[in-house]
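A quick write-up on the structure given underneath.
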Amino acid sequence: MQNNVDVDAIRLIRLTGLKESEIADARNQGGESWSKIARSIKEHEQLISMGEKHTRQKAIQDPVHGAILFDPWELDIISSWEMLRLRYVMQLGPAHIVYPGATHTRFQHCLGTNFLAQKSIRVVNYCEDLDCGHFTPFSNLLDDYQRKLFRASALLHDVGHPPTSHTIEFALQSWAGINHVDLGEYLVLNSGLTDILQKNDIEPQDIMSILRGKTNNPVLRILHDFLDHPLDIDKTDYLIRDAHYSGVQLGVFPAERVMLTNRVVMDREGKYVRAFMLKAIHSLESLILSRNWMFSDLYLHHAVKLAEALVSKATYFRMEEESLTKNECIGLFTRMNDSDLFRWLSESEVAFVREYVSRIRYRRLFKVALLRPLVAFEPSARKKLLLMLDEITNLIETENELSEEPGSVVVDVVVPELGEKTLSKIPLLIGGERGFDLVGLDETKEGFPLLQILKQQSRTIPSVRVYSEPKIANAVRKKFEELFPPADIPTYREDEYDFLEY
């Protein structure tokens, strides 16, 4: 992504909130127009310069993990403008309109993930030779710089999240081809964060090598797996945190035992992999099922998904209205917090975009006109529905066909990443005093019940939801069934689920 963006232009957009054309006009006109921009930049730089470099450790009290101890260089990162923005970006977007306690932030989650990285360094063990089965502390594998990199990467793994977190990523991806990792990469490599990292002897590109997983260094690869894996520390923190704040206790699982039974081992091909002791199987089951139950009760709650769809759709039409460039998307969405986004949406000239903002503010949402599992549709209809996951234009065309009034219908195709196929390959350590073997979860009799549950969930959870005003719900439902006919008899054969590879 870094090769086709204008770093200087994005910097000015981030500092001023103006579009590229407005900045160019001011530069050309000079005088008061440019002086105003220059004053704004100077004021920002003065505020940033007020911060002092930290010189001692401090503890930050976290409601989930308790006191988290941070080194001075970590406090420098936490105090950056880029990280402080996350204090005002809600972890679960608009989910608080259903679960009032779910007002926790990406900032809190980043601190929690850093805590779990610190803990992993302390409590995870590793083994270079499976035949001898001799384990030593994971910290022995990492040098001082690698430990620092791990902690910094955990702290910064979500720094690029746009306002409302994942809620508007589909719109961003559809309009500009970027996601939160791309935005994070820009910030790590081209912002005030870059200077902070370098002043603390951390190479920003090494952070991105871990976050992207694009490295030939075997240690950095395994650090990537700790942060991006079916059972990573990112998911561990957000499941516990989301359950705590939302009150949906289905996200509670024995995280301590999962971490203590995690191992880093060198496999027969000479690569480091994360594996789990066989005795951890029930704890792993609890983690995996907790995650999927949280999908059912929290992440995929019909009102939460509707609110997310309204924000996402409004954002897409606002970007289209403004004809935002890629540079402007990067600059604006790494500048905005949640309040900024809703203010920007409410200034739209498109009536239903403003209406969507008001519906969320006053909690006057659409009602469910139709809810049906994907397997209940004919294969051709299912294929057309799945295309909407990649192309927002297909989604919008369908919504426009269902109603003549723009914005009066919302279609949501729900296919969450339940991880059946990736989780089935989680390596387990089986053996004892004479060495260990690495065996996939799907190769053990102990893993069979869990995999059967995951298969069942992969058949029942993917669904299609159509929302509208109650007065047009019947007409919308009838039209939708004409466009996407249901199967006469829903089938549940194994080969009917190839679409889940999508």
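Numbering starts fresh at 1 for the residues of each chain in the structure tokens, the chains themselves are lettered A, B, ... in the order given, and ligands are numbered from 1 as they appear.
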
Polymer residues at most 12 Å from Val273 in chain A, only C-alpha atoms, same-chain spacing of 2 or more positions, as a ChimeraX atom specification: /A:125-128,130,218-226,229,262-271,275-276,425-429,438

Using only C-alpha atoms, what does the table of range 272-324 of chain A residues within 10 Å of range 370-393 of chain A look like, with each row giving the shortest atom pair and its distance in Å to one decimal, sorted by chain and ascending number, as a Markdown table?
| residue | atom | partner | partner_atom | distance |
| --- | --- | --- | --- | --- |
| A:His302 | CA | A:Leu371 | CA | 9.3 |
| A:Lys313 | CA | A:Ile392 | CA | 8.9 |
| A:Tyr316 | CA | A:Ile392 | CA | 8.9 |

Members of range 231-468 of chain A assigned strand (DSSP E or B) by DSSP, as number ranges by chain: A: 262-266, 272-277, 367-373, 377, 409-414, 427-432, 435-440, 463-468

Just to be explicit: take each residue in the selection above, keep C-alpha atoms, and write the result as a compact mmCIF listing (two decimals), in the first residue's frame.
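Done, and the output landed in out.txt:
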# COMPACT_ATOMS: atom_id res chain seq x y z
CA ASN A 262 0.57 -23.17 25.07
CA ARG A 263 3.99 -24.20 23.75
CA VAL A 264 6.36 -23.01 21.06
CA VAL A 265 8.07 -25.96 19.40
CA MET A 266 10.29 -26.59 16.42
CA TYR A 272 8.66 -22.78 15.05
CA VAL A 273 4.95 -23.40 15.60
CA ARG A 274 2.48 -22.73 18.37
CA ALA A 275 1.07 -25.92 19.82
CA PHE A 276 -1.02 -26.91 22.81
CA MET A 277 -0.67 -29.77 25.25
CA LYS A 367 -37.35 -4.24 11.82
CA VAL A 368 -36.44 -7.70 10.58
CA ALA A 369 -38.45 -8.42 7.43
CA LEU A 370 -36.76 -11.76 6.71
CA LEU A 371 -34.17 -13.95 8.40
CA ARG A 372 -33.13 -17.18 6.73
CA PRO A 373 -30.06 -19.48 6.85
CA PHE A 377 -31.65 -20.92 -0.57
CA VAL A 409 -34.20 -1.52 2.94
CA VAL A 410 -31.02 -3.03 4.33
CA VAL A 411 -29.76 -6.47 3.31
CA ASP A 412 -27.10 -8.16 5.46
CA VAL A 413 -25.37 -11.38 4.39
CA VAL A 414 -23.83 -12.91 7.49
CA PRO A 427 -1.33 -28.75 16.52
CA LEU A 428 -1.50 -30.70 19.76
CA LEU A 429 1.50 -32.12 21.60
CA ILE A 430 1.06 -35.81 22.35
CA GLY A 431 3.67 -37.82 24.18
CA GLY A 432 5.57 -37.80 27.43
CA GLY A 435 9.44 -37.05 23.37
CA PHE A 436 6.40 -35.58 21.68
CA ASP A 437 4.58 -35.76 18.38
CA LEU A 438 2.67 -32.92 16.74
CA VAL A 439 -0.82 -34.04 15.79
CA GLY A 440 -3.62 -31.95 14.26
CA SER A 463 -27.63 -16.39 7.16
CA VAL A 464 -29.31 -13.56 5.30
CA ARG A 465 -31.22 -10.79 7.04
CA VAL A 466 -33.42 -8.20 5.41
CA TYR A 467 -34.50 -5.12 7.39
CA SER A 468 -37.12 -2.50 6.54

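Considering only C-alpha atoms, the residue among A:Leu193, A:Leu454, A:Pro94, A:Gly133 positioned nearest to Val357 in chain A is A:Pro94.
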
Residue set, range 298-427 of chain A restricted to alpha helix (DSSP H), as a VMD selection string: chain A and resid 302 to 322 326 to 333 338 to 346 351 to 361 379 to 387 392 to 402 420 to 423

Gap from CA of Thr261 in chain A to CA of Asp237 in chain A - Å, one decimal: 16.9 Å

Val123 in chain A surroundings by only C-alpha atoms, 8 Å radius, close-in-sequence under 4 positions cut, as number ranges by chain: A: 119, 137-138, 259-260

If you keep N, CA and C atoms, can you produce a file of those selected residues as a PDB file, in the first residue's frame?
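Ended up saving to result_27.pdb:
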ATOM      1  N   LYS A 119       2.760 -11.468  29.308  1.00  0.00           N
ATOM      2  CA  LYS A 119       2.536 -12.711  30.039  1.00  0.00           C
ATOM      3  C   LYS A 119       3.023 -13.915  29.239  1.00  0.00           C
ATOM      4  N   PRO A 137      11.909 -21.821  29.192  1.00  0.00           N
ATOM      5  CA  PRO A 137      11.054 -20.641  29.042  1.00  0.00           C
ATOM      6  C   PRO A 137      11.154 -20.000  27.658  1.00  0.00           C
ATOM      7  N   PHE A 138      10.029 -19.577  27.116  1.00  0.00           N
ATOM      8  CA  PHE A 138       9.968 -18.911  25.818  1.00  0.00           C
ATOM      9  C   PHE A 138      10.862 -17.680  25.799  1.00  0.00           C
ATOM     10  N   MET A 259      -3.250 -20.319  28.173  1.00  0.00           N
ATOM     11  CA  MET A 259      -1.924 -19.733  28.008  1.00  0.00           C
ATOM     12  C   MET A 259      -0.835 -20.627  28.616  1.00  0.00           C
ATOM     13  N   LEU A 260      -1.114 -21.208  29.779  1.00  0.00           N
ATOM     14  CA  LEU A 260      -0.106 -22.035  30.450  1.00  0.00           C
ATOM     15  C   LEU A 260       0.159 -23.343  29.718  1.00  0.00           C
TER      16      LEU A 260
END

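Between CA of Gln46 in chain A and CA of Gly31 in chain A there is a distance of 22.1 Å.
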